[in-house]
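Trainee: A single structure is presented below for examination.
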Amino acid sequence: MEDQDYADDICLLAQRFCDIEEKLKRLKEEAELVGLYININRTKGMRVNISNTQKLRSEETEIEQVGSFVYVGSVVSESGGTEEDVASRIKKEDCVFVQLYLVWKNINILKEFKIRIFNTNVKSVLLYACETWKTTKQITGRLQIFVNKCLRGIMNIKWTDKFTIEELWRIAH
């Protein structure tokens, strides 16, 4: 795969420095043919396992080198990105969960509907693109802790209440 394009985001990939320079040049030329221009201020470069420290430039402007960036909602990083992406997703989902506070506390909404809302509005975004993650026990554990915390909130189970995870899941499902 040589590049990934999505809407106005393009991710160019290359194994050699001269190839990425050529791709960037060709992209700029082709874009200009149809009236589009690359915003160099928003353009980032990332190198993985490379000893070449030569500066990547578009004409005279140096392209900022970063250790990670967000592409189509997922964190891409030099380390592979799973830990960073999971942390980012949990942070986003915590915000979504809090926004639905009035739903979780509404006694007129059945538990089954609350769980359905949680699965469709919180869990689905949490697990978006998870098929690209390197799955480890640590990652699975972090996700499970977050989901359990949310379920406790939905079911109005306090931390001081003694519930096993199995009991929580039985009550929630």
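Ligands are numbered from 1 in the order shown, chains are lettered A, B, ... in the order of the structure tokens, and residues start at 1 in each chain.
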Would you please give, as a PyMOL selection string, all residues of chain A that DSSP assigns to alpha helix (DSSP H) based on the backbone?

Mentor: chain A and resi 17-33+82-99+101-105+111-118+124-126+137-154+165-172

Trainee: Just the residues within 7 Å of segment 61-78 of chain A, please, counting only C-alpha atoms, with nothing from its chain fewer than 2 positions along; format it as a list in words.

Mentor: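 That gives Ile40, Thr43, Lys44, Gly45, Met46, Val48, Lys55, Leu56, Arg57, Ser58, Glu59, Gly80, Gly81, Glu84 and Asp85 of chain A.
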
Trainee: Output C-alpha atoms for every residue in that selection, as a tab-separated table (two decimals), in the first residue's frame.

Mentor:
```tsv
chain	number	residue	atom	x	y	z
A	40	ILE	CA	2.18	22.79	4.76
A	43	THR	CA	1.42	18.64	7.05
A	44	LYS	CA	3.38	16.33	9.37
A	45	GLY	CA	6.09	13.77	8.86
A	46	MET	CA	6.86	10.69	10.93
A	48	VAL	CA	9.87	4.80	12.03
A	55	LYS	CA	14.86	17.29	6.67
A	56	LEU	CA	11.76	16.65	4.58
A	57	ARG	CA	10.74	19.80	2.70
A	58	SER	CA	8.07	20.97	0.35
A	59	GLU	CA	9.86	23.55	-1.78
A	80	GLY	CA	2.59	1.25	16.70
A	81	GLY	CA	-0.06	3.38	18.35
A	84	GLU	CA	-2.00	5.81	22.54
A	85	ASP	CA	-5.10	5.07	20.46
```

Trainee: Give me every strand (DSSP E or B) residue in chain A, going by DSSP on the backbone, as a list in words.

Mentor: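 So the strand (DSSP E or B) residues in chain A would be Asp3, Gln4, Asp5, Tyr6, Asp9, Ile10, Cys11, Leu12, Lys44, Gly45, Arg57, Ser58, Thr61, Glu62, Glu64, Gln65, Ser68, Phe69, Val70, Tyr71, Ser74, Val75, Val76 and Ser77 of chain A.
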
Trainee: Take the residues that were just selected and, keeping N, CA and C atoms, output them as a short mmCIF file (atom, residue, chain, number, x, y, z; two decimals), in the first residue's frame.

Mentor:
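Done, and the output landed in again-v5.cif:
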```
data_model
loop_
_atom_site.label_atom_id
_atom_site.label_comp_id
_atom_site.auth_asym_id
_atom_site.auth_seq_id
_atom_site.Cartn_x
_atom_site.Cartn_y
_atom_site.Cartn_z
N ASP A 3 -0.31 4.63 -0.35
CA ASP A 3 -0.89 5.79 0.32
C ASP A 3 -2.29 5.44 0.79
N GLN A 4 -2.79 6.23 1.72
CA GLN A 4 -4.15 6.06 2.20
C GLN A 4 -4.82 7.41 2.10
N ASP A 5 -5.97 7.44 1.43
CA ASP A 5 -6.68 8.69 1.22
C ASP A 5 -8.06 8.60 1.86
N TYR A 6 -8.43 9.62 2.58
CA TYR A 6 -9.76 9.69 3.17
C TYR A 6 -10.17 11.15 3.22
N ASP A 9 -7.81 14.02 4.02
CA ASP A 9 -6.61 13.53 4.70
C ASP A 9 -5.91 12.52 3.80
N ILE A 10 -4.61 12.71 3.63
CA ILE A 10 -3.82 11.77 2.83
C ILE A 10 -2.62 11.37 3.65
N CYS A 11 -2.35 10.08 3.66
CA CYS A 11 -1.19 9.56 4.38
C CYS A 11 -0.29 8.90 3.34
N LEU A 12 0.87 9.49 3.08
CA LEU A 12 1.81 8.93 2.12
C LEU A 12 2.78 8.01 2.86
N LYS A 44 2.45 16.90 8.37
CA LYS A 44 3.38 16.33 9.37
C LYS A 44 4.12 15.15 8.75
N GLY A 45 5.31 14.92 9.27
CA GLY A 45 6.09 13.77 8.86
C GLY A 45 6.40 12.90 10.07
N ARG A 57 11.20 18.45 3.06
CA ARG A 57 10.74 19.80 2.70
C ARG A 57 9.77 19.72 1.53
N SER A 58 8.90 20.73 1.51
CA SER A 58 8.07 20.97 0.35
C SER A 58 8.50 22.34 -0.13
N THR A 61 9.92 24.98 2.47
CA THR A 61 9.35 24.87 3.80
C THR A 61 9.62 23.49 4.39
N GLU A 62 10.21 23.48 5.58
CA GLU A 62 10.50 22.22 6.27
C GLU A 62 9.21 21.66 6.86
N GLU A 64 7.24 19.58 9.59
CA GLU A 64 7.41 19.23 10.99
C GLU A 64 7.40 17.71 11.19
N GLN A 65 8.37 17.22 11.95
CA GLN A 65 8.44 15.80 12.28
C GLN A 65 7.75 15.56 13.63
N SER A 68 3.73 11.16 16.71
CA SER A 68 2.41 10.57 16.51
C SER A 68 1.50 11.60 15.85
N PHE A 69 0.42 11.13 15.25
CA PHE A 69 -0.59 12.01 14.67
C PHE A 69 -1.91 11.27 14.62
N VAL A 70 -2.98 12.02 14.43
CA VAL A 70 -4.32 11.42 14.33
C VAL A 70 -4.69 11.35 12.86
N TYR A 71 -5.08 10.15 12.41
CA TYR A 71 -5.51 9.95 11.03
C TYR A 71 -6.85 9.23 11.05
N SER A 74 -7.94 7.87 14.45
CA SER A 74 -7.08 6.94 15.18
C SER A 74 -5.69 7.53 15.33
N VAL A 75 -5.05 7.20 16.44
CA VAL A 75 -3.70 7.68 16.70
C VAL A 75 -2.71 6.74 16.01
N VAL A 76 -1.82 7.33 15.22
CA VAL A 76 -0.74 6.59 14.56
C VAL A 76 0.54 7.07 15.22
N SER A 77 1.37 6.15 15.69
CA SER A 77 2.60 6.57 16.36
C SER A 77 3.77 5.68 15.98
#
```

Trainee: What is the atom CA of Cys18 of chain A-atom CA of Leu33 of chain A distance in Å, reported with one decimal?

Mentor: 23.0 Å

Trainee: With distances taken over only C-alpha atoms, which of A:Ala87, A:Ala172, A:Leu102, A:Ile38 is nearest to Lys149 of chain A?

Mentor: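 Among the listed residues, A:Ala172 lies closest to Lys149 of chain A.
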
Trainee: Suppose you want the space between atom CA of Asn49 of chain A and atom CA of Phe17 of chain A; what is it in Å?

Mentor: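 Spanning atom CA of Asn49 of chain A to atom CA of Phe17 of chain A is a straight-line distance of 12.3 Å.
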
Trainee: For segment 91-100 of chain A, list every protein, DNA or RNA residue within 9 Å, evaluated using only C-alpha atoms, and leave out those in the same chain fewer than 5 positions away; present the list as a PyMOL selection string.

Mentor: chain A and resi 86+105+118+121-123+125-126+146+150

Trainee: Leaving out Trp104 of chain A and any residue of its chain fewer than 4 positions from it, which residues lie within 12 Å of it when counting only C-alpha atoms, given as a list of chain:residue names?

Mentor: A:Val96, A:Phe97, A:Val98, A:Gln99, A:Leu100, A:Asn108, A:Ile109, A:Leu110, A:Lys111, A:Glu112, A:Phe113, A:Lys114, A:Ile115, A:Arg116, A:Ile117, A:Phe118, A:Cys150, A:Leu151, A:Arg152, A:Gly153, A:Ile154, A:Met155, A:Asn156, A:Ile157

Trainee: Print the selection's residues with C-alpha atoms to a file, as a compact mmCIF listing (two decimals), in the first residue's frame.

Mentor:
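Saved result, result_24.txt, follows:
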```
# COMPACT_ATOMS: atom_id res chain seq x y z
CA VAL A 96 -19.65 10.88 25.55
CA PHE A 97 -20.65 8.92 28.65
CA VAL A 98 -20.79 12.10 30.77
CA GLN A 99 -22.90 13.87 28.12
CA LEU A 100 -25.49 11.11 28.53
CA ASN A 108 -38.25 6.33 33.61
CA ILE A 109 -35.87 4.74 31.09
CA LEU A 110 -35.64 0.96 31.34
CA LYS A 111 -32.27 -0.63 32.05
CA GLU A 112 -32.45 -2.53 28.74
CA PHE A 113 -32.76 0.75 26.79
CA LYS A 114 -29.91 2.32 28.74
CA ILE A 115 -27.69 -0.66 27.88
CA ARG A 116 -28.73 -0.38 24.22
CA ILE A 117 -27.89 3.35 24.23
CA PHE A 118 -24.55 2.57 25.90
CA CYS A 150 -19.69 2.84 32.81
CA LEU A 151 -21.99 -0.09 33.61
CA ARG A 152 -21.70 0.67 37.33
CA GLY A 153 -22.72 4.25 36.58
CA ILE A 154 -25.67 3.18 34.43
CA MET A 155 -26.86 0.67 37.04
CA ASN A 156 -26.24 3.18 39.86
CA ILE A 157 -23.87 0.78 41.61
```

Trainee: One number please: atom CA of Ile90 of chain A to atom CA of Leu143 of chain A, in Å, one decimal.

Mentor: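 Between these atoms lies a distance of 7.6 Å.
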
Trainee: Taking only C-alpha atoms into account, which of A:Glu83, A:Val34, A:Glu60, A:Leu13 comes nearest Ile139 of chain A?

Mentor: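 Of all the options, A:Glu83 lies closest to Ile139 of chain A.
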